[in-house]
Amino acid sequence: MTTLLYTHEACLTHDPGPHHPESPARLKAVLDALSTPSFAALERREAPRATLEEITRVHPRAFVERLLAAVPTEDYAALDADTILSPGSGEAALRAAGAVVAAVDAVMAGEARNAFCAVRPPGHHAEPGHAMGFCLFNNVTIGAQHARQAKGIERVAVIDFDVHHGNGTQAAFEDDASLFYGSTHQMPLYPGTGSASERGVGNIVNVPLAPRSGSNEFRHAFTARILPALEDFRPEFMLISAGFDAHRSDPLAQLMLVEADYGWCTAQLLDIAARYGQGRVVSTLEGGYDLGALGSSAAAHVASLLTA
């Protein structure tokens, strides 16, 4: 079985403005990196729109309707200083969430062992009732709840190696012991959450890293904290919030990772998924703001998915 690649051209039409770091060029950099002969084995699929039912497993209906109604017909609409809507934002957000749902369906059906969703806007800062941090809907959490509520999976894990803490994912998971959230992230850094003391009901594992931490600190965080807790949880399905802004070249943070770190941690996660969840993994793009580093890091991640 191969790896599925879900994307949609609508994800390029969400445009927060000419000077915004979360630009359409990010997705283009990822897709360009995955267009080389090395990735010929990827099976490419068009992301569908998420339905209201799928999104409201995480976000209240009133919030979803209010957000979609705020999408402008021209120019921009600011939800906050960082989170900007353009005329294409609603369709992009629906396709981004729909990609993860469709990937869960395909992996559960045995059509592929795993999948990568090359989509934007990202999602892990979006709380159930609040869009923020460049994020509109929490794509990975919508996928996790789809696996549970539509597919009958009892234990779902999300692992997040974005340089920023996924406060939205933690907020959606922290009271539910059947959901696991593990995150490595820089601290101090936006959004200010993610201390090691934030443990939910024992299902949250945060490993904050100091600025200038590099490969050794990152890999130790995984081997000493994230992976043992994930082993204890025994996930039947795993999702990955794949942000690549912990790379040493990224302009928004100060961790010092390199491409090989993303391939390495992906391989560790695939190993646990193979033991407890029949290898079922769905990954979705989060951050990463140096275009060259983003493309090469995403390529390292997807190359590892292809080896499963």
# chains A, B, ... in the order shown; residues from 1 in each chain; ligands from 1
$ residues_around --residues "Ser215 (chain A)" --least-positions-apart "2" --cutoff "7 Å" --atoms "only C-alpha atoms" --output "list in words"
Glu217, Phe218, Arg219, Met256, Leu257 and Asp261 of chain A
$ write_last_selection --atoms "C-alpha atoms" --output "CSV table (one decimal), in the first residue's frame"
chain,number,residue,atom,x,y,z
A,217,GLU,CA,17.0,17.9,22.9
A,218,PHE,CA,14.2,17.2,20.5
A,219,ARG,CA,15.0,13.6,20.1
A,256,MET,CA,17.4,24.3,15.6
A,257,LEU,CA,16.0,21.2,14.0
A,261,ASP,CA,14.8,15.1,12.7
$ residues_around --residues "Asp245 (chain A)" --least-positions-apart "2" --cutoff "8 Å" --atoms "only C-alpha atoms" --output "list in words"
Asp162, Val163, Gly243, His247, Asp250, Leu252, Ala253, Gly287, Gly288, Tyr289, Asp290 and Leu294 of chain A
$ write_last_selection --atoms "C-alpha atoms" --output "PDB file, in the first residue's frame"
ATOM      1  CA  ASP A 162       5.003  22.155  15.368  1.00  0.00           C
ATOM      2  CA  VAL A 163       7.205  24.728  17.123  1.00  0.00           C
ATOM      3  CA  GLY A 243       4.388  21.736  11.539  1.00  0.00           C
ATOM      4  CA  HIS A 247      13.546  24.058  11.623  1.00  0.00           C
ATOM      5  CA  ASP A 250      12.355  29.323  10.344  1.00  0.00           C
ATOM      6  CA  LEU A 252       9.144  32.772  13.637  1.00  0.00           C
ATOM      7  CA  ALA A 253      10.957  30.694  16.265  1.00  0.00           C
ATOM      8  CA  GLY A 287       3.234  25.623  10.390  1.00  0.00           C
ATOM      9  CA  GLY A 288       6.529  26.265   8.619  1.00  0.00           C
ATOM     10  CA  TYR A 289       7.432  29.700   7.295  1.00  0.00           C
ATOM     11  CA  ASP A 290      10.803  29.449   5.565  1.00  0.00           C
ATOM     12  CA  LEU A 294       9.300  23.875   4.749  1.00  0.00           C
TER      13      LEU A 294
END
$ residues_around --residues "region 153-160 of chain A" --least-positions-apart "4" --cutoff "7 Å" --atoms "only C-alpha atoms" --output "list in words"
Ala144, Ala147, Arg148, Ser178, Leu179, Phe180, Tyr181, Gly182, Ser183, Thr184, Pro235, Glu236, Phe237, Met238, Leu239, Ile240, Ser241 and Ala242 of chain A
$ select_by_dssp --residues "region 37-225 of chain A" --states "strand (DSSP E or B)" --output "MDAnalysis selection string"
chainID A and resid 43:46 77:78 84:85 114:117 127 130 132 135 156:160 179:186 204:209 214
$ closest_atom_pairs --of "region 217-243 of chain A" --to "region 188-211 of chain A" --cutoff "9 Å" --atoms "only C-alpha atoms" --output "Markdown table"
| residue | atom | partner | partner_atom | distance |
| --- | --- | --- | --- | --- |
| A:Glu217 | CA | A:Leu209 | CA | 7.5 |
| A:Phe218 | CA | A:Leu209 | CA | 7.6 |
| A:Ala221 | CA | A:Val207 | CA | 6.4 |
| A:Phe222 | CA | A:Val207 | CA | 8.5 |
| A:Arg225 | CA | A:Val207 | CA | 7.4 |
| A:Ile226 | CA | A:Val205 | CA | 6.7 |
| A:Ala229 | CA | A:Val205 | CA | 7.6 |
| A:Phe233 | CA | A:Asn203 | CA | 8.3 |
$ select_by_dssp --residues "region 141-182 of chain A" --states "alpha helix (DSSP H)" --output "PyMOL selection string"
chain A and resi 141-149+167-173
$ residues_around --residues "region 17-29 of chain A" --least-positions-apart "4" --cutoff "7 Å" --atoms "only C-alpha atoms" --output "list in words"
Leu12, Ala33, Ala118, Val119, Phe134, Tyr289, Leu291 and Gly295 of chain A
$ write_last_selection --atoms "N, CA and C atoms" --output "PDB file, in the first residue's frame"
ATOM      1  N   LEU A  12      -5.084  27.168  -1.883  1.00  0.00           N
ATOM      2  CA  LEU A  12      -4.199  28.250  -2.325  1.00  0.00           C
ATOM      3  C   LEU A  12      -4.912  29.594  -2.377  1.00  0.00           C
ATOM      4  N   ALA A  33       7.888  20.362  -3.582  1.00  0.00           N
ATOM      5  CA  ALA A  33       8.838  19.396  -3.028  1.00  0.00           C
ATOM      6  C   ALA A  33       8.358  17.960  -3.215  1.00  0.00           C
ATOM      7  N   ALA A 118      -1.817  17.942   2.517  1.00  0.00           N
ATOM      8  CA  ALA A 118      -1.111  19.183   2.203  1.00  0.00           C
ATOM      9  C   ALA A 118      -2.164  20.263   2.012  1.00  0.00           C
ATOM     10  N   VAL A 119      -2.542  20.891   3.102  1.00  0.00           N
ATOM     11  CA  VAL A 119      -3.669  21.824   3.110  1.00  0.00           C
ATOM     12  C   VAL A 119      -3.327  23.039   3.967  1.00  0.00           C
ATOM     13  N   PHE A 134      -3.681  32.051  13.046  1.00  0.00           N
ATOM     14  CA  PHE A 134      -3.715  31.669  11.627  1.00  0.00           C
ATOM     15  C   PHE A 134      -4.713  30.553  11.348  1.00  0.00           C
ATOM     16  N   TYR A 289       7.518  28.388   7.936  1.00  0.00           N
ATOM     17  CA  TYR A 289       7.432  29.700   7.295  1.00  0.00           C
ATOM     18  C   TYR A 289       8.686  30.106   6.525  1.00  0.00           C
ATOM     19  N   LEU A 291      10.298  28.993   3.236  1.00  0.00           N
ATOM     20  CA  LEU A 291       9.757  28.147   2.169  1.00  0.00           C
ATOM     21  C   LEU A 291      10.686  26.989   1.815  1.00  0.00           C
ATOM     22  N   GLY A 295       9.592  23.050   2.479  1.00  0.00           N
ATOM     23  CA  GLY A 295       9.510  22.041   1.430  1.00  0.00           C
ATOM     24  C   GLY A 295      10.378  20.838   1.709  1.00  0.00           C
TER      25      GLY A 295
END
$ atom_distance --atom1 "CA of Gly168 (chain A)" --atom2 "CA of Leu94 (chain A)"
17.4 Å
$ residues_around --residues "Ala97 (chain A)" --least-positions-apart "2" --cutoff "12 Å" --atoms "only C-alpha atoms" --output "number ranges by chain"
A: 6-8, 11, 47-59, 90-95, 99-104, 117-124, 126, 135-146, 284-285
$ write_last_selection --atoms "C-alpha atoms" --output "PDB file, in the first residue's frame"
ATOM      1  CA  TYR A   6      -4.753  14.958  -0.118  1.00  0.00           C
ATOM      2  CA  THR A   7      -4.829  18.563  -1.276  1.00  0.00           C
ATOM      3  CA  HIS A   8      -7.044  21.014  -3.171  1.00  0.00           C
ATOM      4  CA  CYS A  11      -6.304  25.851  -0.238  1.00  0.00           C
ATOM      5  CA  ALA A  47      -9.785  16.969  -0.750  1.00  0.00           C
ATOM      6  CA  PRO A  48     -13.585  17.140  -0.374  1.00  0.00           C
ATOM      7  CA  ARG A  49     -15.398  19.746   1.688  1.00  0.00           C
ATOM      8  CA  ALA A  50     -16.014  18.830   5.299  1.00  0.00           C
ATOM      9  CA  THR A  51     -19.689  18.698   6.191  1.00  0.00           C
ATOM     10  CA  LEU A  52     -21.301  20.675   8.976  1.00  0.00           C
ATOM     11  CA  GLU A  53     -21.845  17.419  10.860  1.00  0.00           C
ATOM     12  CA  GLU A  54     -18.140  16.599  10.698  1.00  0.00           C
ATOM     13  CA  ILE A  55     -17.004  20.043  11.820  1.00  0.00           C
ATOM     14  CA  THR A  56     -19.534  20.299  14.657  1.00  0.00           C
ATOM     15  CA  ARG A  57     -18.092  17.214  16.308  1.00  0.00           C
ATOM     16  CA  VAL A  58     -15.475  19.735  17.517  1.00  0.00           C
ATOM     17  CA  HIS A  59     -16.799  23.266  16.944  1.00  0.00           C
ATOM     18  CA  GLY A  90     -14.202  29.636   3.731  1.00  0.00           C
ATOM     19  CA  GLU A  91     -13.746  27.161   0.898  1.00  0.00           C
ATOM     20  CA  ALA A  92     -10.111  26.590   1.873  1.00  0.00           C
ATOM     21  CA  ALA A  93     -11.055  25.894   5.499  1.00  0.00           C
ATOM     22  CA  LEU A  94     -13.759  23.426   4.478  1.00  0.00           C
ATOM     23  CA  ARG A  95     -11.358  21.601   2.143  1.00  0.00           C
ATOM     24  CA  ALA A  99      -8.994  16.395   3.640  1.00  0.00           C
ATOM     25  CA  VAL A 100      -8.303  15.002   7.100  1.00  0.00           C
ATOM     26  CA  VAL A 101     -11.752  13.408   7.348  1.00  0.00           C
ATOM     27  CA  ALA A 102     -11.367  11.799   3.915  1.00  0.00           C
ATOM     28  CA  ALA A 103      -7.881  10.583   4.803  1.00  0.00           C
ATOM     29  CA  VAL A 104      -9.217   8.941   7.965  1.00  0.00           C
ATOM     30  CA  CYS A 117      -2.856  16.276   3.933  1.00  0.00           C
ATOM     31  CA  ALA A 118      -1.111  19.183   2.203  1.00  0.00           C
ATOM     32  CA  VAL A 119      -3.669  21.824   3.110  1.00  0.00           C
ATOM     33  CA  ARG A 120      -4.087  25.253   4.609  1.00  0.00           C
ATOM     34  CA  PRO A 121      -5.187  27.133   6.639  1.00  0.00           C
ATOM     35  CA  PRO A 122      -3.579  25.192   9.486  1.00  0.00           C
ATOM     36  CA  GLY A 123      -5.653  24.200  12.486  1.00  0.00           C
ATOM     37  CA  HIS A 124      -4.023  23.340  15.788  1.00  0.00           C
ATOM     38  CA  ALA A 126      -8.268  26.794  16.713  1.00  0.00           C
ATOM     39  CA  CYS A 135      -6.161  28.778  12.251  1.00  0.00           C
ATOM     40  CA  LEU A 136      -9.896  28.622  11.461  1.00  0.00           C
ATOM     41  CA  PHE A 137     -11.082  25.036  12.047  1.00  0.00           C
ATOM     42  CA  ASN A 138      -9.024  22.499  13.995  1.00  0.00           C
ATOM     43  CA  ASN A 139      -8.436  20.050  11.152  1.00  0.00           C
ATOM     44  CA  VAL A 140      -6.578  17.373  13.095  1.00  0.00           C
ATOM     45  CA  THR A 141      -9.118  17.345  15.927  1.00  0.00           C
ATOM     46  CA  ILE A 142     -11.998  17.084  13.457  1.00  0.00           C
ATOM     47  CA  GLY A 143     -10.200  14.051  12.003  1.00  0.00           C
ATOM     48  CA  ALA A 144      -9.675  12.539  15.441  1.00  0.00           C
ATOM     49  CA  GLN A 145     -13.339  12.878  16.380  1.00  0.00           C
ATOM     50  CA  HIS A 146     -14.344  11.432  13.011  1.00  0.00           C
ATOM     51  CA  THR A 284      -1.720  17.192   8.218  1.00  0.00           C
ATOM     52  CA  LEU A 285       0.293  20.314   7.544  1.00  0.00           C
TER      53      LEU A 285
END
$ residues_around --residues "Ala70 (chain A)" --least-positions-apart "6" --cutoff "9 Å" --atoms "only C-alpha atoms" --output "list in words"
Ala77, Leu79, Leu85 and Gly90 of chain A
$ atom_distance --atom1 "CA of Val282 (chain A)" --atom2 "CA of His165 (chain A)"
19.2 Å
$ closest_residue --among "A:Arg45, A:Leu270, A:Asp105, A:Ser213" --to "Ala150 (chain A)" --atoms "only C-alpha atoms"
A:Asp105
$ closest_residue --among "A:Ala112, A:Ala246, A:Met132, A:Ala303" --to "Gln186 (chain A)" --atoms "only C-alpha atoms"
A:Ala246
$ atom_distance --atom1 "CA of Gly166 (chain A)" --atom2 "CA of Leu227 (chain A)"
17.9 Å
